[in-house]
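The file query-v6.tsv comes next; it holds TSV, C-alpha atoms.
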chain	number	residue	atom	x	y	z
A	1	MET	CA	-34.37	27.15	-3.40
A	2	LYS	CA	-32.77	24.30	-5.38
A	3	LYS	CA	-30.61	26.80	-7.21
A	4	ASN	CA	-29.42	28.27	-3.93
A	5	ILE	CA	-28.39	24.85	-2.65
A	6	PHE	CA	-26.59	24.19	-5.92
A	7	TYR	CA	-24.66	27.46	-5.78
A	8	SER	CA	-23.83	26.92	-2.09
A	9	ILE	CA	-22.39	23.49	-2.88
A	10	LEU	CA	-20.47	24.95	-5.81
A	11	PHE	CA	-19.13	27.74	-3.62
A	12	LEU	CA	-18.06	25.29	-0.88
A	13	PHE	CA	-16.43	23.12	-3.50
A	14	PHE	CA	-14.34	25.98	-4.88
A	15	LEU	CA	-13.53	27.13	-1.35
A	16	PHE	CA	-12.28	23.64	-0.57
A	17	ILE	CA	-10.11	23.53	-3.71
A	18	PHE	CA	-8.81	27.04	-3.00
A	19	SER	CA	-7.88	26.13	0.59
A	20	ILE	CA	-5.98	23.03	-0.55
A	21	PHE	CA	-3.93	25.07	-3.04
A	22	TYR	CA	-3.46	27.90	-0.53
A	23	ILE	CA	-2.12	25.53	2.13
A	24	GLY	CA	0.04	23.88	-0.54
A	25	LEU	CA	1.68	27.24	-1.34
A	26	ASP	CA	3.44	27.24	2.01
A	27	LYS	CA	4.69	23.68	1.76
A	28	PRO	CA	8.24	23.28	0.49
A	29	ASN	CA	8.50	21.38	-2.75
A	30	PHE	CA	11.72	19.69	-1.70
A	31	TYR	CA	11.52	16.16	-0.49
A	32	THR	CA	12.40	16.07	3.18
A	33	PRO	CA	12.82	12.48	4.23
A	34	LYS	CA	11.16	11.37	7.42
A	35	GLU	CA	13.44	10.47	10.27
A	36	ILE	CA	13.91	6.75	10.32
A	37	LYS	CA	14.23	5.43	13.84
A	38	ASN	CA	14.36	1.95	15.29
A	39	LYS	CA	14.74	0.43	11.87
A	40	LYS	CA	17.32	-2.29	11.56
A	41	LEU	CA	20.17	-1.42	9.26
A	42	GLU	CA	20.74	-3.93	6.50
A	43	THR	CA	23.83	-6.07	6.93
A	44	PHE	CA	26.49	-5.62	4.31
A	45	SER	CA	29.96	-6.88	3.67
A	46	SER	CA	32.75	-4.86	2.15
A	47	LYS	CA	36.50	-4.41	1.88
A	48	GLU	CA	38.43	-2.18	4.27
A	49	LEU	CA	40.12	0.80	2.63
A	50	PHE	CA	43.61	0.36	4.07
A	51	SER	CA	43.91	-3.38	4.77
A	52	ASN	CA	41.71	-4.59	1.88
A	53	GLU	CA	40.28	-7.16	4.30
A	54	GLN	CA	36.64	-8.18	3.91
A	55	PHE	CA	34.38	-7.26	6.86
A	56	GLN	CA	30.78	-7.98	7.78
A	57	SER	CA	29.06	-4.82	9.07
A	58	ASN	CA	27.27	-6.69	11.89
A	59	ASP	CA	30.56	-7.94	13.31
A	60	LEU	CA	31.85	-4.38	13.58
A	61	ILE	CA	28.62	-2.94	15.00
A	62	LYS	CA	27.81	-5.55	17.66
A	63	VAL	CA	31.08	-4.99	19.58
A	64	ASN	CA	30.17	-1.58	21.07
A	65	LYS	CA	27.00	-0.32	22.71
A	66	PHE	CA	26.78	2.50	20.16
A	67	THR	CA	28.32	2.85	16.72
A	68	ILE	CA	28.35	5.71	14.26
A	69	LEU	CA	28.29	4.82	10.60
A	70	ASN	CA	29.40	7.77	8.50
A	71	ILE	CA	29.10	7.78	4.72
A	72	TRP	CA	31.71	10.05	3.21
A	73	ALA	CA	33.85	10.69	0.14
A	74	SER	CA	37.02	12.67	-0.48
A	75	TRP	CA	35.35	14.62	-3.31
A	76	CYS	CA	32.52	15.78	-1.05
A	77	ILE	CA	33.07	19.27	0.38
A	78	PRO	CA	30.54	18.99	3.26
A	79	CYS	CA	32.38	15.82	4.35
A	80	LYS	CA	35.50	17.92	4.84
A	81	GLN	CA	33.51	20.36	6.95
A	82	GLU	CA	32.09	17.69	9.25
A	83	HIS	CA	35.35	15.76	9.55
A	84	SER	CA	36.61	17.88	12.46
A	85	LEU	CA	33.39	17.10	14.34
A	86	LEU	CA	33.95	13.39	13.84
A	87	MET	CA	37.49	13.83	15.15
A	88	ASP	CA	36.06	15.66	18.18
A	89	LEU	CA	33.58	12.84	18.79
A	90	LYS	CA	36.34	10.30	18.61
A	91	ASN	CA	38.51	12.25	21.07
A	92	LYS	CA	35.74	13.14	23.53
A	93	THR	CA	33.93	9.80	23.64
A	94	ASP	CA	34.81	6.15	23.26
A	95	ILE	CA	32.23	5.68	20.50
A	96	ASN	CA	33.02	3.35	17.65
A	97	ILE	CA	32.97	5.24	14.35
A	98	ILE	CA	32.87	3.28	11.12
A	99	GLY	CA	33.35	5.02	7.80
A	100	LEU	CA	31.76	4.00	4.53
A	101	ASN	CA	33.72	5.47	1.67
A	102	TYR	CA	31.24	6.28	-1.11
A	103	LYS	CA	32.15	6.12	-4.83
A	104	ASP	CA	35.69	7.27	-4.28
A	105	LYS	CA	39.16	6.62	-5.62
A	106	LYS	CA	41.18	4.69	-3.05
A	107	ASN	CA	44.21	6.98	-3.24
A	108	ASN	CA	42.11	10.12	-2.87
A	109	ALA	CA	40.32	8.62	0.13
A	110	LYS	CA	43.62	7.65	1.75
A	111	ASN	CA	45.06	11.13	1.15
A	112	PHE	CA	41.94	12.69	2.67
A	113	ILE	CA	42.38	10.62	5.85
A	114	ASN	CA	46.13	11.17	6.04
A	115	GLU	CA	45.64	14.90	5.70
A	116	LEU	CA	42.66	15.43	8.03
A	117	GLY	CA	43.09	12.58	10.53
A	118	ASN	CA	41.32	9.29	10.98
A	119	PRO	CA	38.32	9.21	13.32
A	120	PHE	CA	37.23	5.80	12.01
A	121	SER	CA	37.98	2.42	13.57
A	122	LYS	CA	37.42	0.85	10.16
A	123	ILE	CA	36.73	2.36	6.75
A	124	LEU	CA	34.66	0.13	4.50
A	125	THR	CA	34.42	0.87	0.82
A	126	ASP	CA	31.37	1.29	-1.40
A	127	PRO	CA	32.89	1.78	-4.87
A	128	ASP	CA	29.64	1.68	-6.85
A	129	GLY	CA	27.32	3.19	-4.22
A	130	ILE	CA	25.11	0.10	-3.98
A	131	ILE	CA	25.72	-0.45	-0.26
A	132	SER	CA	24.70	3.12	0.55
A	133	ILE	CA	21.50	2.75	-1.47
A	134	SER	CA	20.71	-0.53	0.30
A	135	LEU	CA	21.10	1.34	3.62
A	136	GLY	CA	18.55	3.90	2.46
A	137	ALA	CA	21.08	6.70	2.06
A	138	TYR	CA	20.55	9.73	-0.19
A	139	GLY	CA	24.14	10.73	-0.76
A	140	VAL	CA	27.14	12.00	1.11
A	141	PRO	CA	27.62	12.84	3.89
A	142	GLU	CA	25.14	10.85	5.88
A	143	THR	CA	25.47	9.53	9.42
A	144	PHE	CA	23.69	6.78	11.31
A	145	LEU	CA	23.81	6.34	15.07
A	146	LEU	CA	23.28	2.65	15.74
A	147	ASN	CA	22.98	0.43	18.77
A	148	ASN	CA	24.76	-2.91	18.99
A	149	LYS	CA	21.77	-4.65	17.36
A	150	SER	CA	22.18	-2.47	14.24
A	151	LYS	CA	19.02	-0.50	15.06
A	152	VAL	CA	19.04	3.08	13.77
A	153	ILE	CA	18.72	5.44	16.74
A	154	ARG	CA	19.33	8.62	14.73
A	155	LYS	CA	19.95	9.33	11.08
A	156	TYR	CA	21.51	12.61	9.99
A	157	ILE	CA	21.23	13.53	6.32
A	158	GLY	CA	23.86	16.04	5.26
A	159	PRO	CA	26.85	17.21	7.26
A	160	LEU	CA	26.87	16.90	11.04
A	161	ASN	CA	26.74	20.09	13.07
A	162	ASN	CA	27.45	20.95	16.71
A	163	ASP	CA	23.84	20.27	17.76
A	164	HIS	CA	23.98	16.79	16.24
A	165	VAL	CA	27.24	16.07	18.05
A	166	LEU	CA	25.74	17.22	21.36
A	167	GLU	CA	22.69	15.07	20.76
A	168	ILE	CA	24.89	12.05	20.02
A	169	ILE	CA	26.95	12.65	23.18
A	170	ASN	CA	23.77	12.93	25.27
A	171	ILE	CA	22.39	9.70	23.84
A	172	ILE	CA	25.63	7.84	24.51
A	173	LYS	CA	25.79	9.12	28.10
A	174	SER	CA	22.13	8.44	28.93
B	1	MET	CA	35.77	-32.95	-37.76
B	2	ARG	CA	33.95	-30.32	-39.81
B	3	LEU	CA	30.64	-31.43	-38.33
B	4	ILE	CA	31.98	-31.05	-34.77
B	5	LYS	CA	33.28	-27.56	-35.63
B	6	LEU	CA	29.93	-26.64	-37.07
B	7	ILE	CA	28.04	-27.96	-34.03
B	8	LEU	CA	30.41	-26.06	-31.71
B	9	LEU	CA	29.92	-22.87	-33.72
B	10	ILE	CA	26.13	-23.19	-33.61
B	11	LEU	CA	26.27	-23.94	-29.89
B	12	PHE	CA	28.49	-20.93	-29.27
B	13	LEU	CA	26.28	-18.62	-31.33
B	14	THR	CA	23.10	-19.88	-29.63
B	15	LEU	CA	24.57	-19.37	-26.17
B	16	SER	CA	25.87	-15.89	-26.93
B	17	PHE	CA	22.60	-14.91	-28.54
B	18	GLN	CA	20.69	-16.16	-25.50
B	19	LYS	CA	22.97	-14.17	-23.18
B	20	ILE	CA	22.45	-11.02	-25.24
B	21	LEU	CA	18.69	-11.57	-25.13
B	22	ILE	CA	18.67	-12.04	-21.35
B	23	ALA	CA	20.89	-8.97	-20.80
B	24	ASN	CA	18.68	-6.92	-23.11
B	25	ASN	CA	15.55	-8.10	-21.35
B	26	ASN	CA	17.05	-7.27	-17.92
B	27	SER	CA	18.00	-3.78	-19.04
B	28	LEU	CA	14.43	-3.25	-20.30
B	29	ILE	CA	13.09	-4.21	-16.86
B	30	VAL	CA	15.62	-1.87	-15.17
B	31	ASP	CA	14.42	0.96	-17.44
B	32	LYS	CA	10.78	0.15	-16.71
B	33	ILE	CA	11.28	0.15	-12.93
B	34	SER	CA	13.55	3.20	-12.86
B	35	LYS	CA	11.01	5.19	-14.90
B	36	ASN	CA	8.51	4.68	-12.08
B	37	LEU	CA	10.97	5.77	-9.37
B	38	ARG	CA	11.42	9.34	-8.23
B	39	CYS	CA	14.99	10.59	-8.02
B	40	LEU	CA	14.96	11.81	-4.43
B	41	ILE	CA	17.83	14.24	-4.75
B	42	CYS	CA	16.98	15.76	-8.14
B	43	GLN	CA	13.82	17.78	-8.56
B	44	GLY	CA	11.28	16.58	-11.08
B	45	GLN	CA	13.32	13.75	-12.55
B	46	SER	CA	12.85	10.03	-12.48
B	47	VAL	CA	15.70	7.70	-11.58
B	48	TYR	CA	15.73	6.71	-15.27
B	49	ASP	CA	16.24	10.32	-16.45
B	50	SER	CA	18.76	11.33	-13.83
B	51	GLN	CA	22.52	11.02	-14.13
B	52	SER	CA	23.12	11.75	-10.43
B	53	ASP	CA	25.23	9.41	-8.30
B	54	PHE	CA	22.10	8.43	-6.39
B	55	ALA	CA	20.24	7.44	-9.56
B	56	MET	CA	23.21	5.63	-11.12
B	57	SER	CA	23.72	3.53	-7.97
B	58	MET	CA	20.02	2.81	-7.75
B	59	LYS	CA	19.91	1.58	-11.36
B	60	LEU	CA	22.85	-0.70	-10.61
B	61	LEU	CA	21.14	-2.03	-7.48
B	62	ILE	CA	17.95	-2.76	-9.45
B	63	LYS	CA	19.99	-4.54	-12.14
B	64	ASN	CA	21.70	-6.71	-9.49
B	65	LYS	CA	18.39	-7.56	-7.87
B	66	ILE	CA	16.89	-8.60	-11.22
B	67	GLU	CA	19.91	-10.76	-11.96
B	68	ASN	CA	19.41	-12.37	-8.53
B	69	GLY	CA	15.92	-13.35	-9.64
B	70	GLU	CA	13.87	-10.82	-7.67
B	71	SER	CA	10.53	-9.77	-9.11
B	72	GLU	CA	9.46	-6.20	-9.90
B	73	ASP	CA	7.10	-6.15	-6.91
B	74	GLN	CA	9.83	-7.34	-4.58
B	75	ILE	CA	12.11	-4.54	-5.80
B	76	TYR	CA	9.40	-1.89	-5.37
B	77	ASP	CA	8.60	-3.19	-1.87
B	78	TYR	CA	12.28	-3.18	-0.96
B	79	LEU	CA	12.78	0.42	-2.11
B	80	LYS	CA	9.56	1.58	-0.45
B	81	ASN	CA	10.79	0.02	2.77
B	82	GLN	CA	14.13	1.84	2.48
B	83	TYR	CA	12.96	5.24	1.25
B	84	GLY	CA	9.24	5.38	1.92
B	85	GLU	CA	6.35	5.41	-0.51
B	86	TRP	CA	7.40	8.77	-1.94
B	87	ILE	CA	9.98	7.04	-4.09
B	88	VAL	CA	7.35	5.52	-6.40
B	89	TYR	CA	5.37	7.70	-8.77
B	90	ASP	CA	2.34	5.48	-8.52
B	91	PRO	CA	0.78	6.07	-5.09
B	92	GLU	CA	-0.78	3.14	-3.27
B	93	PHE	CA	-4.41	3.19	-2.22
B	94	ASN	CA	-4.43	3.85	1.53
B	95	LYS	CA	-6.02	6.03	4.24
B	96	LYS	CA	-3.62	8.93	3.68
B	97	ASN	CA	-4.39	9.38	0.02
B	98	LEU	CA	-8.00	8.22	0.08
B	99	ILE	CA	-9.25	11.63	-1.04
B	100	LEU	CA	-6.81	11.63	-3.97
B	101	TRP	CA	-8.29	8.41	-5.29
B	102	ILE	CA	-11.95	9.01	-4.39
B	103	PHE	CA	-12.22	12.67	-5.39
B	104	PRO	CA	-12.05	12.25	-9.20
B	105	LEU	CA	-14.65	9.49	-8.89
B	106	ILE	CA	-16.99	11.75	-6.89
B	107	LEU	CA	-16.44	14.53	-9.41
B	108	PHE	CA	-17.17	12.13	-12.26
B	109	ILE	CA	-20.40	10.90	-10.66
B	110	PHE	CA	-21.47	14.45	-9.75
B	111	GLY	CA	-20.80	15.69	-13.29
B	112	GLY	CA	-22.59	12.67	-14.73
B	113	LEU	CA	-25.64	13.37	-12.58
B	114	LEU	CA	-25.68	17.00	-13.69
B	115	ILE	CA	-25.53	16.00	-17.35
B	116	TYR	CA	-28.21	13.36	-16.80
B	117	ARG	CA	-30.50	15.91	-15.19
B	118	LYS	CA	-29.91	18.46	-17.94
B	119	VAL	CA	-30.36	16.08	-20.83
B	120	PHE	CA	-33.00	13.61	-19.67
B	121	ILE	CA	-35.05	15.32	-16.96
B	122	ASN	CA	-35.33	18.88	-18.30

Take the structure I supplied and represent it as structure tokens, if you would.
Amino acid sequence: MKKNIFYSILFLFFLFIFSIFYIGLDKPNFYTPKEIKNKKLETFSSKELFSNEQFQSNDLIKVNKFTILNIWASWCIPCKQEHSLLMDLKNKTDINIIGLNYKDKKNNAKNFINELGNPFSKILTDPDGIISISLGAYGVPETFLLNNKSKVIRKYIGPLNNDHVLEIINIIKS
Amino acid sequence: MRLIKLILLILFLTLSFQKILIANNNSLIVDKISKNLRCLICQGQSVYDSQSDFAMSMKLLIKNKIENGESEDQIYDYLKNQYGEWIVYDPEFNKKNLILWIFPLILFIFGGLLIYRKVFIN
């Protein structure tokens, strides 16, 4: 009797371990960050790409009801792909788009904008990437939709796509 | 005159030596913290091991925070707040990972009981 109980417990134990590993097989081993919403974006101050003037992020964000903060770099291929969508957003809506130029050479960044157009009201610079890290960014491109109190309404990791743009437009209009 | 020169030289050497010591100590703390941080964009590497842009910027941020007088705990809390608990290798004890912490203990006690029964009771 005792032996039976012992073997039953042992069997259940191995079944439990097996189920954990079996469920784990289906889980991706990439880290997929959780969506961060309603978190206040840290204030930062940085120089503007073209004018070299120093700006405080809060001052730029509080002016409009919604602001998009887009982290980009001229060396980043996905940034090139999403650039046309940012241009569309700028043309279709009156949303304020701020760029944060990540670890880039000034001349390359300027050439990128001159060539593909400028959807940004201001382009702040992040030469050593510290600002982006303090905002909780993973890399480029990354986009935050913020309200005028710097609260993150949506965060898009990676390049924007048409669905994201539609979602942003719907949020702005609602 | 010679005495003044000598004093100045000693003062200069002491100050530079102190600066080197502080810088060295700070870089040791950066290494220690970054070894316990997961590089979120590179698989299976710590921030310390990785040469990615993300890791390089993070090491610089940690260095700046240490130079501003922030403690290790403050830096960990700050990064956990920005990136979530996943960024640290050492998981905290909470409801979500209760089983992870308790399970080895249960196994240890269970095994101990088995051994005790085998050796002392039989």

Quiz prompt | Spatial neighbours of segment 80-97 of chain B, max dist 7 Å, all atoms listed in the file, sep filter under 6 positions, as JSON, numbers by chain | solution = {"A": [136], "B": [36, 37, 38, 40]}

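Considering all atoms listed in the file, the residue among A:Phe13, A:Phe120, A:Trp75, A:Phe55 positioned nearest to Ile97 of chain A is A:Phe120.
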
How close does each residue of chain B get to chain A, giving the shortest atom pair and distance in Å to one decimal for every residue with an atom at most 10 Å away, counting only C-alpha atoms, sorted by chain and residue number, as a tab-separated table?
residue	atom	partner	partner_atom	distance
B:Cys39	CA	A:Tyr138	CA	9.6
B:Leu40	CA	A:Tyr31	CA	6.8
B:Ile41	CA	A:Tyr138	CA	7.0
B:Cys42	CA	A:Phe30	CA	9.2
B:Gln43	CA	A:Phe30	CA	7.4
B:Gly44	CA	A:Phe30	CA	9.9
B:Ser52	CA	A:Gly139	CA	9.8
B:Asp53	CA	A:Gly129	CA	7.7
B:Phe54	CA	A:Gly139	CA	6.4
B:Ala55	CA	A:Ile133	CA	9.4
B:Met56	CA	A:Gly129	CA	8.4
B:Ser57	CA	A:Gly129	CA	5.2
B:Met58	CA	A:Ile133	CA	6.5
B:Lys59	CA	A:Ile130	CA	9.1
B:Leu60	CA	A:Ile130	CA	7.1
B:Leu61	CA	A:Ile130	CA	5.7
B:Ile62	CA	A:Ile130	CA	9.5
B:Asn64	CA	A:Ile130	CA	9.4
B:Tyr78	CA	A:Ser134	CA	8.9
B:Leu79	CA	A:Gly136	CA	8.1
B:Lys80	CA	A:Gly136	CA	9.7
B:Asn81	CA	A:Gly136	CA	8.7
B:Gln82	CA	A:Gly136	CA	4.9
B:Tyr83	CA	A:Gly136	CA	5.9
B:Gly84	CA	A:Pro33	CA	8.3
B:Trp86	CA	A:Tyr31	CA	8.6
B:Ile87	CA	A:Tyr31	CA	9.9

Exercise. Between atom CA of Leu100 of chain A and atom CA of Lys62 of chain A, what is the distance, to one decimal in Å?
Worked result: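 Atom CA of Lys62 of chain A lies 16.7 Å from atom CA of Leu100 of chain A.
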
A straight line from atom CA of Asn148 of chain A to atom CA of Lys90 of chain A spans 17.6 Å

Practice problem: Just the residues within 7 Å of Asp104 of chain A, please, counting all atoms listed in the file, with nothing from its chain fewer than 5 positions along; format it as an MDAnalysis selection string. | Solution: chainID A and resid 73:74 109 127

If I take atom CA of Ser150 of chain A and atom CA of Ile61 of chain A, how far is one from the other in Å, to one decimal?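 One can read the atom CA of Ser150 of chain A to atom CA of Ile61 of chain A distance as 6.5 Å.
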
Of A:Lys3, A:Asp163, A:Leu15, A:Lys149, the one nearest to Val63 of chain A when counting only C-alpha atoms is A:Lys149

Review point. Near Ser51 of chain A, within 12 Å and counting all atoms listed in the file, which residues show up once chain neighbours fewer than 2 positions away are dropped, as a list in words?
Key: Ser46, Lys47, Glu48, Leu49, Glu53, Gln54, Phe55, Lys106, Lys110, Lys122, Ile123, Leu124 and Thr125 of chain A
